[in-house]
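See below for model34.csv, which holds CSV, C-alpha atoms.
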chain,number,residue,atom,x,y,z
A,1,MET,CA,0.0,0.0,0.0
A,2,LYS,CA,1.5,3.3,-1.1
A,3,ILE,CA,1.3,6.3,1.1
A,4,LEU,CA,2.4,9.9,0.8
A,5,ILE,CA,3.0,12.0,3.9
A,6,PHE,CA,3.1,15.8,3.5
A,7,HIS,CA,4.2,17.6,6.8
A,8,PRO,CA,5.5,21.0,7.8
A,9,SER,CA,8.8,19.8,9.2
A,10,LEU,CA,10.6,17.0,11.1
A,11,ALA,CA,10.3,17.2,14.9
A,12,PRO,CA,11.6,14.8,17.6
A,13,TYR,CA,8.1,13.8,18.7
A,14,ARG,CA,7.2,12.6,15.1
A,15,VAL,CA,10.2,10.4,14.5
A,16,ASP,CA,8.9,7.2,15.9
A,17,PHE,CA,5.5,7.7,14.3
A,18,PHE,CA,6.9,8.4,10.8
A,19,ASN,CA,9.3,5.4,11.2
A,20,THR,CA,6.3,3.2,12.0
A,21,LEU,CA,4.4,4.5,8.9
A,22,ASN,CA,7.4,3.6,6.8
A,23,GLU,CA,7.6,0.1,8.3
A,24,ASN,CA,4.0,-0.6,7.5
A,25,PHE,CA,3.6,1.1,4.1
A,26,ASP,CA,5.5,1.9,1.0
A,27,ALA,CA,5.8,5.5,2.3
A,28,LYS,CA,7.4,8.7,1.0
A,29,PHE,CA,7.8,11.9,3.1
A,30,TYR,CA,7.8,15.5,1.9
A,31,PHE,CA,8.4,18.4,4.3
A,32,PHE,CA,7.7,22.1,3.7
A,33,HIS,CA,10.4,23.5,5.9
A,34,ASP,CA,14.0,22.4,6.8
A,35,ASN,CA,13.2,22.8,10.5
A,36,VAL,CA,10.4,23.6,12.9
A,37,LEU,CA,9.7,27.3,12.6
A,38,ASP,CA,9.6,28.3,16.3
A,39,GLN,CA,12.2,25.8,17.5
A,40,LYS,CA,15.5,24.8,15.8
A,41,PHE,CA,16.1,21.1,16.4
A,42,ASN,CA,19.3,19.4,15.5
A,43,GLN,CA,18.1,17.9,12.2
A,44,ASN,CA,21.3,15.9,11.6
A,45,LYS,CA,20.8,14.0,14.8
A,46,LEU,CA,17.2,13.4,14.1
A,47,LYS,CA,17.9,12.0,10.7
A,48,GLN,CA,20.2,9.5,12.2
A,49,GLU,CA,17.1,7.9,13.8
A,50,LEU,CA,15.1,7.7,10.6
A,51,ASN,CA,14.4,4.6,8.5
A,52,PHE,CA,13.3,6.8,5.6
A,53,GLN,CA,14.5,9.6,3.4
A,54,CYS,CA,13.4,13.2,3.9
A,55,ASN,CA,12.3,15.1,0.8
A,56,TYR,CA,11.8,18.9,0.9
A,57,LEU,CA,9.4,21.1,-1.0
A,58,ASN,CA,11.2,24.4,-0.6
A,59,LYS,CA,9.8,26.2,-3.7
A,60,GLY,CA,6.6,28.2,-3.1
A,61,LEU,CA,5.1,31.0,-1.1
A,62,SER,CA,3.0,31.8,1.9
A,63,PHE,CA,-0.6,33.0,2.1
A,64,PHE,CA,-1.7,34.5,5.4
A,65,GLY,CA,1.2,32.5,7.0
A,66,ARG,CA,0.1,29.3,5.3
A,67,PRO,CA,2.6,27.5,3.0
A,68,ILE,CA,1.8,27.0,-0.6
A,69,ARG,CA,4.3,24.6,-2.3
A,70,PHE,CA,4.9,23.9,-5.9
A,71,GLY,CA,5.3,20.4,-7.3
A,72,ILE,CA,2.7,18.5,-5.3
A,73,THR,CA,0.7,17.5,-8.4
A,74,LYS,CA,3.8,16.0,-10.0
A,75,ILE,CA,4.6,14.0,-6.8
A,76,ILE,CA,1.1,12.6,-6.7
A,77,LYS,CA,1.2,11.6,-10.4
A,78,THR,CA,4.6,10.0,-10.1
A,79,ASN,CA,4.0,8.0,-6.9
A,80,LYS,CA,0.4,7.0,-7.5
A,81,PRO,CA,-0.4,6.7,-3.8
A,82,ASP,CA,-3.3,4.8,-2.3
A,83,THR,CA,-3.4,7.3,0.6
A,84,ILE,CA,-2.1,10.8,1.3
A,85,ILE,CA,-1.7,12.2,4.8
A,86,CYS,CA,-1.8,16.0,5.0
A,87,PRO,CA,-1.2,18.5,7.8
A,88,GLU,CA,-4.1,20.3,9.5
A,89,TYR,CA,-6.6,22.2,7.4
A,90,GLY,CA,-4.3,24.4,5.4
A,91,LEU,CA,-4.3,25.3,1.7
A,92,ILE,CA,-2.2,22.2,0.8
A,93,THR,CA,-4.7,19.8,2.3
A,94,LEU,CA,-7.5,21.7,0.6
A,95,PHE,CA,-5.7,21.5,-2.8
A,96,ILE,CA,-5.0,17.8,-2.5
A,97,THR,CA,-8.6,17.1,-1.5
A,98,LEU,CA,-10.0,19.1,-4.4
A,99,ALA,CA,-7.5,17.6,-6.8
A,100,SER,CA,-8.9,14.1,-6.0
A,101,PHE,CA,-12.3,15.3,-7.1
A,102,PHE,CA,-11.4,17.3,-10.2
A,103,PHE,CA,-8.8,14.8,-11.6
A,104,ARG,CA,-10.7,11.7,-10.3
A,105,LYS,CA,-7.7,10.4,-8.5
A,106,LYS,CA,-8.4,7.2,-6.6
A,107,TYR,CA,-6.5,8.0,-3.4
A,108,LYS,CA,-7.8,8.5,0.1
A,109,VAL,CA,-6.9,11.8,1.9
A,110,PHE,CA,-6.4,12.0,5.7
A,111,THR,CA,-5.2,14.9,7.7
A,112,ILE,CA,-3.6,15.2,11.1
A,113,CYS,CA,-4.9,17.8,13.5
A,114,ASP,CA,-3.3,18.3,16.9
A,115,ASP,CA,-5.7,21.0,18.2
A,116,SER,CA,-7.0,20.8,21.7
A,117,ILE,CA,-10.7,21.3,22.4
A,118,ALA,CA,-10.0,24.9,23.4
A,119,MET,CA,-8.2,25.6,20.1
A,120,SER,CA,-10.8,23.8,18.0
A,121,ALA,CA,-13.6,25.9,19.6
A,122,ASN,CA,-11.7,29.2,19.0
A,123,THR,CA,-10.2,28.6,15.6
A,124,LYS,CA,-9.6,31.5,13.2
A,125,PRO,CA,-12.2,32.4,10.5
A,126,LEU,CA,-10.2,31.2,7.5
A,127,ARG,CA,-9.2,27.9,9.2
A,128,LYS,CA,-12.8,27.5,10.3
A,129,ILE,CA,-14.1,27.8,6.7
A,130,CYS,CA,-11.5,25.3,5.4
A,131,ARG,CA,-12.3,22.9,8.3
A,132,SER,CA,-16.0,23.1,7.6
A,133,PHE,CA,-15.5,21.9,4.1
A,134,LEU,CA,-12.8,19.3,4.8
A,135,VAL,CA,-14.6,17.5,7.5
A,136,LYS,CA,-17.2,16.6,4.8
A,137,ALA,CA,-14.7,16.0,2.0
A,138,LEU,CA,-11.8,14.1,3.6
A,139,ASP,CA,-11.7,10.3,4.1
A,140,GLY,CA,-10.5,10.7,7.7
A,141,ILE,CA,-9.0,13.0,10.4
A,142,ILE,CA,-6.4,11.8,12.9
A,143,LEU,CA,-7.0,13.6,16.2
A,144,THR,CA,-5.1,13.2,19.5
A,145,ASN,CA,-7.7,11.8,21.8
A,146,GLN,CA,-11.3,10.7,22.3
A,147,ASP,CA,-12.4,13.9,24.0
A,148,ILE,CA,-11.6,15.9,20.8
A,149,VAL,CA,-13.4,13.3,18.7
A,150,ASN,CA,-16.5,13.7,20.9
A,151,TRP,CA,-16.2,17.5,20.4
A,152,TYR,CA,-16.0,17.2,16.6
A,153,THR,CA,-19.0,14.8,16.6
A,154,LEU,CA,-21.1,17.2,18.6
A,155,ASN,CA,-20.1,20.5,17.0
A,156,LEU,CA,-19.2,19.8,13.3
A,157,ASN,CA,-21.0,18.2,10.4
A,158,ILE,CA,-18.7,15.2,10.1
A,159,LYS,CA,-18.8,13.0,7.0
A,160,CYS,CA,-15.5,11.3,7.4
A,161,LYS,CA,-13.7,8.8,9.8
A,162,LEU,CA,-12.4,10.2,13.0
A,163,LEU,CA,-9.3,8.4,14.2
A,164,THR,CA,-7.1,8.9,17.3
A,165,PHE,CA,-3.4,8.9,17.9
A,166,PRO,CA,-1.9,11.0,20.6
A,167,ILE,CA,1.6,12.6,20.2
A,168,ILE,CA,3.5,9.9,22.0
A,169,ILE,CA,6.8,8.2,21.3
A,170,ASN,CA,8.2,4.7,21.5
A,171,GLU,CA,8.8,4.1,25.2
A,172,HIS,CA,11.5,1.5,24.8
A,173,ALA,CA,13.7,3.7,22.6
A,174,PHE,CA,13.2,6.7,24.9
A,175,ARG,CA,13.9,4.7,28.1
A,176,ASN,CA,17.1,3.4,26.7
A,177,LYS,CA,18.2,7.0,25.9
A,178,LEU,CA,17.1,8.1,29.3
A,179,LYS,CA,19.3,5.4,30.9
A,180,ASN,CA,22.3,6.6,28.9
A,181,SER,CA,21.7,10.1,30.3
A,182,LEU,CA,22.2,9.2,34.0
A,183,LYS,CA,25.9,10.0,34.0
A,184,THR,CA,25.1,13.5,32.7
A,185,ALA,CA,22.3,13.7,35.3
A,186,LYS,CA,24.8,13.1,38.1
A,187,THR,CA,27.0,15.9,36.8
A,188,ILE,CA,24.0,18.3,36.8
A,189,ILE,CA,23.0,17.3,40.3
A,190,ASN,CA,26.5,18.1,41.5
A,191,ASN,CA,26.9,21.3,39.5
A,192,PHE,CA,23.6,22.8,40.7
A,193,LYS,CA,23.7,21.2,44.2
A,194,LEU,CA,20.4,19.5,43.8
A,195,SER,CA,21.1,16.6,46.1
A,196,ASP,CA,18.5,16.5,49.0
A,197,LYS,CA,16.2,18.7,47.0
A,198,LYS,CA,13.0,18.3,45.1
A,199,VAL,CA,12.8,19.6,41.5
A,200,ILE,CA,9.8,21.0,39.5
A,201,LEU,CA,10.6,21.0,35.8
A,202,PHE,CA,9.2,23.0,32.9
A,203,VAL,CA,10.4,22.3,29.4
A,204,GLY,CA,9.3,24.5,26.5
A,205,ARG,CA,9.5,27.9,24.9
A,206,LEU,CA,9.6,30.9,27.3
A,207,VAL,CA,6.6,32.6,25.7
A,208,LYS,CA,3.4,34.1,27.0
A,209,VAL,CA,1.1,31.2,26.2
A,210,LYS,CA,3.1,29.0,28.5
A,211,ASN,CA,1.8,31.0,31.5
A,212,LEU,CA,5.1,31.0,33.3
A,213,PRO,CA,4.6,34.2,35.4
A,214,THR,CA,1.7,32.4,37.1
A,215,LEU,CA,3.9,29.4,37.6
A,216,ILE,CA,6.6,31.5,39.2
A,217,LYS,CA,4.1,33.4,41.4
A,218,SER,CA,2.4,30.1,42.5
A,219,PHE,CA,5.8,28.5,43.2
A,220,SER,CA,6.7,31.4,45.5
A,221,LYS,CA,3.7,30.6,47.7
A,222,VAL,CA,4.7,26.9,48.2
A,223,ARG,CA,8.5,27.5,48.3
A,224,LYS,CA,10.6,25.7,50.8
A,225,ASP,CA,14.4,25.6,51.1
A,226,ASN,CA,14.7,22.2,49.5
A,227,ILE,CA,12.6,22.9,46.4
A,228,MET,CA,13.9,24.1,43.0
A,229,LEU,CA,12.0,25.2,39.9
A,230,VAL,CA,13.9,24.5,36.7
A,231,LEU,CA,12.9,26.2,33.4
A,232,VAL,CA,14.5,24.5,30.4
A,233,GLY,CA,14.0,26.6,27.3
A,234,SER,CA,14.4,30.0,25.8
A,235,GLY,CA,12.2,32.7,24.3
A,236,ASP,CA,10.9,36.3,24.3
A,237,GLU,CA,9.8,36.2,27.9
A,238,GLN,CA,13.2,35.1,29.4
A,239,GLU,CA,14.4,38.5,30.7
A,240,THR,CA,10.9,39.4,32.0
A,241,LEU,CA,10.8,36.1,33.9
A,242,LYS,CA,14.2,36.6,35.3
A,243,LEU,CA,13.1,40.0,36.6
A,244,LEU,CA,10.0,38.5,38.2
A,245,VAL,CA,12.2,35.9,39.9
A,246,SER,CA,14.4,38.6,41.3
A,247,GLU,CA,11.4,40.6,42.5
A,248,LEU,CA,10.0,37.6,44.4
A,249,GLN,CA,13.5,36.9,45.8
A,250,LEU,CA,13.6,33.4,44.2
A,251,ASN,CA,17.0,33.6,42.7
A,252,GLN,CA,18.2,30.8,44.9
A,253,ASN,CA,15.3,28.5,44.0
A,254,VAL,CA,14.8,29.0,40.2
A,255,ILE,CA,17.2,27.8,37.6
A,256,PHE,CA,17.1,29.0,34.0
A,257,ALA,CA,18.8,26.1,32.3
A,258,GLY,CA,18.5,27.4,28.7
A,259,ARG,CA,17.2,25.5,25.7
A,260,GLN,CA,18.4,21.9,25.7
A,261,GLU,CA,17.9,18.8,23.6
A,262,GLY,CA,19.5,15.4,23.4
A,263,THR,CA,21.3,13.9,26.4
A,264,THR,CA,21.2,17.1,28.5
A,265,LEU,CA,17.5,17.4,28.2
A,266,LEU,CA,17.0,13.7,29.0
A,267,ALA,CA,19.2,14.2,32.1
A,268,TRP,CA,16.9,16.9,33.4
A,269,TYR,CA,13.9,14.5,32.8
A,270,ALA,CA,15.8,11.8,34.7
A,271,ILE,CA,16.5,14.1,37.7
A,272,THR,CA,13.0,15.6,37.9
A,273,ASN,CA,10.4,14.7,40.6
A,274,VAL,CA,7.6,16.9,39.3
A,275,PHE,CA,6.9,18.1,35.8
A,276,ILE,CA,4.5,21.0,35.0
A,277,LEU,CA,2.9,22.2,31.8
A,278,PRO,CA,0.9,25.4,32.8
A,279,SER,CA,-0.1,26.6,29.3
A,280,ILE,CA,-3.1,28.7,28.6
A,281,SER,CA,-3.0,27.6,24.9
A,282,GLU,CA,-1.4,24.2,23.9
A,283,ALA,CA,-2.4,22.0,21.0
A,284,PHE,CA,-1.1,18.9,22.7
A,285,GLY,CA,2.2,19.1,24.7
A,286,ALA,CA,4.5,16.3,23.7
A,287,VAL,CA,6.7,17.0,26.7
A,288,VAL,CA,4.0,15.5,28.9
A,289,ASN,CA,4.6,12.1,27.3
A,290,GLU,CA,8.4,12.4,27.8
A,291,ALA,CA,8.0,13.4,31.4
A,292,LEU,CA,5.7,10.5,32.2
A,293,LEU,CA,8.0,8.1,30.5
A,294,SER,CA,10.8,9.5,32.7
A,295,GLY,CA,8.7,8.7,35.9
A,296,SER,CA,7.8,12.3,36.7
A,297,TYR,CA,4.4,13.1,38.4
A,298,VAL,CA,2.9,15.5,35.8
A,299,LEU,CA,0.8,18.6,36.5
A,300,CYS,CA,-0.9,19.4,33.2
A,301,SER,CA,-3.1,22.4,32.2
A,302,GLU,CA,-6.6,21.4,31.4
A,303,LEU,CA,-6.3,23.4,28.1
A,304,ALA,CA,-3.5,21.1,26.8
A,305,GLY,CA,-4.5,18.1,24.6
A,306,ALA,CA,-1.9,16.0,26.6
A,307,LYS,CA,-4.3,16.0,29.6
A,308,CYS,CA,-5.6,12.8,28.0
A,309,LEU,CA,-2.5,11.1,29.3
A,310,ILE,CA,-3.1,12.0,32.9
A,311,GLN,CA,-5.0,9.9,35.4
A,312,ASN,CA,-5.6,12.2,38.3
A,313,GLY,CA,-3.8,11.1,41.5
A,314,ILE,CA,-2.1,8.2,39.7
A,315,ASN,CA,0.4,9.7,37.4
A,316,GLY,CA,-0.4,13.4,37.7
A,317,ARG,CA,-3.1,16.1,38.1
A,318,VAL,CA,-5.0,18.2,35.5
A,319,PHE,CA,-5.6,21.7,36.7
A,320,ASN,CA,-7.1,25.0,35.6
A,321,PRO,CA,-4.2,27.3,34.7
A,322,TYR,CA,-6.3,30.4,35.3
A,323,ASN,CA,-7.3,29.4,38.8
A,324,HIS,CA,-4.4,30.5,41.1
A,325,ASN,CA,-5.7,28.4,44.0
A,326,ALA,CA,-6.0,25.3,41.8
A,327,PHE,CA,-2.5,26.0,40.5
A,328,LYS,CA,-1.1,26.2,44.0
A,329,LYS,CA,-2.9,23.0,45.1
A,330,ALA,CA,-1.5,21.1,42.1
A,331,LEU,CA,2.0,22.2,43.0
A,332,GLU,CA,1.5,21.2,46.6
A,333,GLU,CA,0.2,17.8,45.6
A,334,GLY,CA,3.1,17.1,43.2
A,335,LEU,CA,5.7,18.1,45.8
A,336,GLU,CA,4.0,16.0,48.5
A,337,LYS,CA,4.3,12.9,46.2
A,338,ALA,CA,7.8,13.7,45.0
A,339,PRO,CA,10.9,11.9,46.5
A,340,ILE,CA,14.0,13.9,47.4
A,341,ILE,CA,16.9,13.7,44.9
A,342,THR,CA,19.9,11.8,46.0
A,343,GLY,CA,23.4,11.5,44.5
A,344,ASN,CA,22.7,7.9,43.6
A,345,ILE,CA,20.3,8.6,40.8
A,346,SER,CA,18.7,5.7,39.0
A,347,LEU,CA,16.0,5.2,36.4
A,348,LYS,CA,12.5,5.8,37.8
A,349,PRO,CA,9.6,3.6,36.7
A,350,SER,CA,7.6,5.0,33.8
A,351,LEU,CA,4.2,6.5,34.7
A,352,MET,CA,2.9,6.4,31.2
A,353,GLN,CA,-0.3,4.5,31.1
A,354,LEU,CA,-0.7,4.1,27.3
A,355,SER,CA,1.5,2.0,25.1
A,356,TYR,CA,2.9,3.5,21.9
A,357,HIS,CA,2.8,0.1,20.3
A,358,ASP,CA,-0.9,-0.4,21.1
A,359,ALA,CA,-1.9,3.1,20.0
A,360,VAL,CA,0.0,3.1,16.7
A,361,ALA,CA,-1.1,-0.5,15.8
A,362,LEU,CA,-4.7,0.5,16.1
A,363,LEU,CA,-4.1,3.6,13.8
A,364,ILE,CA,-2.2,1.5,11.2
A,365,ASN,CA,-5.0,-1.0,11.1
A,366,GLN,CA,-7.6,1.8,10.5
A,367,LEU,CA,-5.5,3.4,7.8
A,368,LYS,CA,-5.2,0.0,6.0
A,369,HIS,CA,-8.9,-0.5,6.0
Step by step, read the file and then write its structure as structure tokens.
Amino acid sequence: MKILIFHPSLAPYRVDFFNTLNENFDAKFYFFHDNVLDQKFNQNKLKQELNFQCNYLNKGLSFFGRPIRFGITKIIKTNKPDTIICPEYGLITLFITLASFFFRKKYKVFTICDDSIAMSANTKPLRKICRSFLVKALDGIILTNQDIVNWYTLNLNIKCKLLTFPIIINEHAFRNKLKNSLKTAKTIINNFKLSDKKVILFVGRLVKVKNLPTLIKSFSKVRKDNIMLVLVGSGDEQETLKLLVSELQLNQNVIFAGRQEGTTLLAWYAITNVFILPSISEAFGAVVNEALLSGSYVLCSELAGAKCLIQNGINGRVFNPYNHNAFKKALEEGLEKAPIITGNISLKPSLMQLSYHDAVALLINQLKH
């Protein structure tokens, strides 16, 4: 079965999924950008993990921030796919879907949409118009969880299949890398004097939608001498956040670790007791999956799609990021459950409740039929 995958760019949280597609289909991959637009991942390292070749459609232009790429018709004619998987509800997905009607092409068209319920309900007008047409014209839409499927069913005039696959990665591969990061983790513990402390970790861009001022203010209310807040990432809000930390006299309790990836990022996951994603707007939040696989108790914003991975009181807590009292209570709960870091760091048991293998096997079966 031949399949074409058009996608904006290659990101770490898609590597395992794309490899699995290539293992199960005669697949070809075409990307619109050389890297993720708002984050620059080490593409050379990512490509070392791939079992397929990356092809790039660099020629084209943008329309209201949406990419338009030349050469798609030729790719479809050359490859004669049985199925095409497109990204979101952009102009490329619209073009490929319309082409199947006008040129009577016998391929199925699916799209991947990572939007949370909040983002789906508040989508922009142009996207809303495209979505309204495509939910009736596509063969299927791959969404991240059953809650969003239920929202689509209730609020949209659906005429296609609704499939689910959360943004998760192969737990075995990730855990092996995590184990290999323990030496680096010990060095970090020594360098930042984290022994006998508890660590709350945030990983992501330091931007407004991540709601980090609220995190820092809430942290100041639960602070004890043996608690550290670590912010791994960079972004426009970094200097503002540092100023807030100083104003609240938290300099000894907050670490700005900078943007990290690879072994150093994994080491921070291995160290961490509590992970938090406090966003007020988040399509999914792949970091939640990584934190759970690392054994961290995860505090997840109810506005993030990744809340579907949380079982309250078991592997984390879902909270309202606008409610300061709920925010504070979530932090207190996480810290109460968290063990103190010791110098003899070891791999913590995974708290991820969903198997990548099971989830992706179900999706593959649905795509084949």
Please, which residues in stretch 240-290 of chain A fall within 9 Å of stretch 168-182 of chain A when counting all atoms listed in the file, and what is the closest atom pair and distance in Å to one decimal for each, ordered by chain then residue number, as a tab-separated table?
residue	atom	partner	partner_atom	distance
A:Gly262	CA	A:Lys177	CA	8.9
A:Thr263	CA	A:Ser181	CA	5.5
A:Thr264	CA	A:Ser181	CA	7.2
A:Leu265	CA	A:Ser181	CA	8.7
A:Leu266	CA	A:Leu178	CA	5.6
A:Ala267	CA	A:Ser181	CA	5.1
A:Trp268	CA	A:Ser181	CA	8.9
A:Tyr269	CA	A:Leu178	CA	8.0
A:Ala270	CA	A:Leu178	CA	6.7
A:Ile271	CA	A:Leu182	CA	8.4
A:Ala286	CA	A:Ile168	CA	6.7
A:Val288	CA	A:Ile168	CA	8.9
A:Asn289	CA	A:Ile168	CA	5.8
A:Glu290	CA	A:Ile169	CA	7.9
> Residues at most 8 Å from A:Ile68, counting all atoms listed in the file, excluding those fewer than 4 positions away in the same chain, as an MDAnalysis selection string?
Replying inline: chainID A and resid 60:63 91:92
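In this model, the gap between atom CA of A:Phe165 and atom CA of A:Gly140 comes to 12.6 Å.
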> With only C-alpha atoms as the atoms that count, which of A:Leu162, A:Ile255, A:Leu57, A:Val15 lies nearest to A:Ile200?
Replying inline: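 Looking only at the distances to A:Ile200, the closest residue turns out to be A:Ile255.
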Go through stretch 9-100 of chain A and flag each residue having an atom no more than 9 Å from stretch 356-369 of chain A; for those, report the closest pair of atoms plus their distance in Å to one decimal, using all atoms listed in the file, ordered by chain and rising number, as CSV.
residue,atom,partner,partner_atom,distance
A:Phe17,CA,A:Val360,CA,7.6
A:Thr20,CA,A:Val360,CA,7.9
A:Leu21,CA,A:Ile364,CA,7.6
A:Asn24,CA,A:Ile364,CA,7.5
A:Thr83,CA,A:Leu367,CA,8.5
> atom CA of A:Pro166 and atom CA of A:Val318, how far apart in Å?
Replying inline: 16.8 Å
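When all atoms listed in the file are used to measure the gap to A:Ile188, the shortest distance among A:Gly343, A:Phe18, A:Tyr322, A:Ala27 belongs to A:Gly343.
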> At what distance in Å, to one decimal, does atom CA of A:Thr78 lie from atom CA of A:Phe101?
Replying inline: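 Separating atom CA of A:Phe101 from atom CA of A:Thr78 is a distance of 18.0 Å.
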>> I'd like the neighbourhood of A:Ile158 as a list in words, where a residue qualifies if any of its atoms comes within 12 Å (using only C-alpha atoms), though same-chain residues fewer than 4 positions away should be ignored.
In response: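 With the cut-off at 12 Å, the set is Arg131, Ser132, Phe133, Leu134, Val135, Lys136, Ala137, Leu138, Asp139, Gly140, Ile141, Val149, Asn150, Trp151, Tyr152, Thr153, Leu154 and Leu162 of chain A.
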> Which is closest to A:Lys161 among A:Val203, A:Leu126, A:Phe110, A:Asn323, if we use only C-alpha atoms?
Replying inline: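 Looking only at the distances to A:Lys161, the closest residue turns out to be A:Phe110.
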>> When you look at A:Asp114 with a cut-off of 8 Å (counting all atoms listed in the file), what residues show up, excluding the ones that are within fewer than 3 positions of it in the same chain? I need them as a list in words.
In response: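 Skipping anything fewer than 3 positions along the chain leaves Glu88, Leu143, Thr144, Ala283, Phe284 and Gly305 of chain A.
Checking A:Pro349, A:Thr272, A:Lys242, A:Pro67 one by one against A:Ala185, counting all atoms listed in the file, you find the shortest gap at A:Thr272.
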>> Excluding A:Cys300 and its own-chain neighbours fewer than 2 positions away, which residues fall within 7 Å of it when counting all atoms listed in the file? Please give them as a list in words.
In response: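 The filter keeps Ile276, Leu277, Pro278, Val298, Glu302, Lys307, Arg317, Val318 and Phe319 of chain A.
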Where does stretch 242-302 of chain A meet stretch 334-341 of chain A within 7 Å, residue by residue, with the nearest atom pair and distance in Å to one decimal for each, counting only C-alpha atoms, listed by chain and rising number, as a tab-separated table?
residue	atom	partner	partner_atom	distance
A:Asn273	CA	A:Ala338	CA	5.2
A:Val274	CA	A:Gly334	CA	6.0
A:Tyr297	CA	A:Gly334	CA	6.4
Please work out which residues fall within 7 Å of (20.6, 27.4, 26.0), coordinates as given in the file, with only C-alpha atoms counting, and return them as an mmCIF file with C-alpha atoms, in the frame of the given file.
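Writing the result to result_12.cif gives the following:
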data_model
loop_
_atom_site.group_PDB
_atom_site.id
_atom_site.type_symbol
_atom_site.label_atom_id
_atom_site.label_comp_id
_atom_site.auth_asym_id
_atom_site.auth_seq_id
_atom_site.Cartn_x
_atom_site.Cartn_y
_atom_site.Cartn_z
ATOM 1 C CA GLY A 233 14.000 26.600 27.300
ATOM 2 C CA SER A 234 14.400 30.000 25.800
ATOM 3 C CA ALA A 257 18.800 26.100 32.300
ATOM 4 C CA GLY A 258 18.500 27.400 28.700
ATOM 5 C CA ARG A 259 17.200 25.500 25.700
ATOM 6 C CA GLN A 260 18.400 21.900 25.700
#
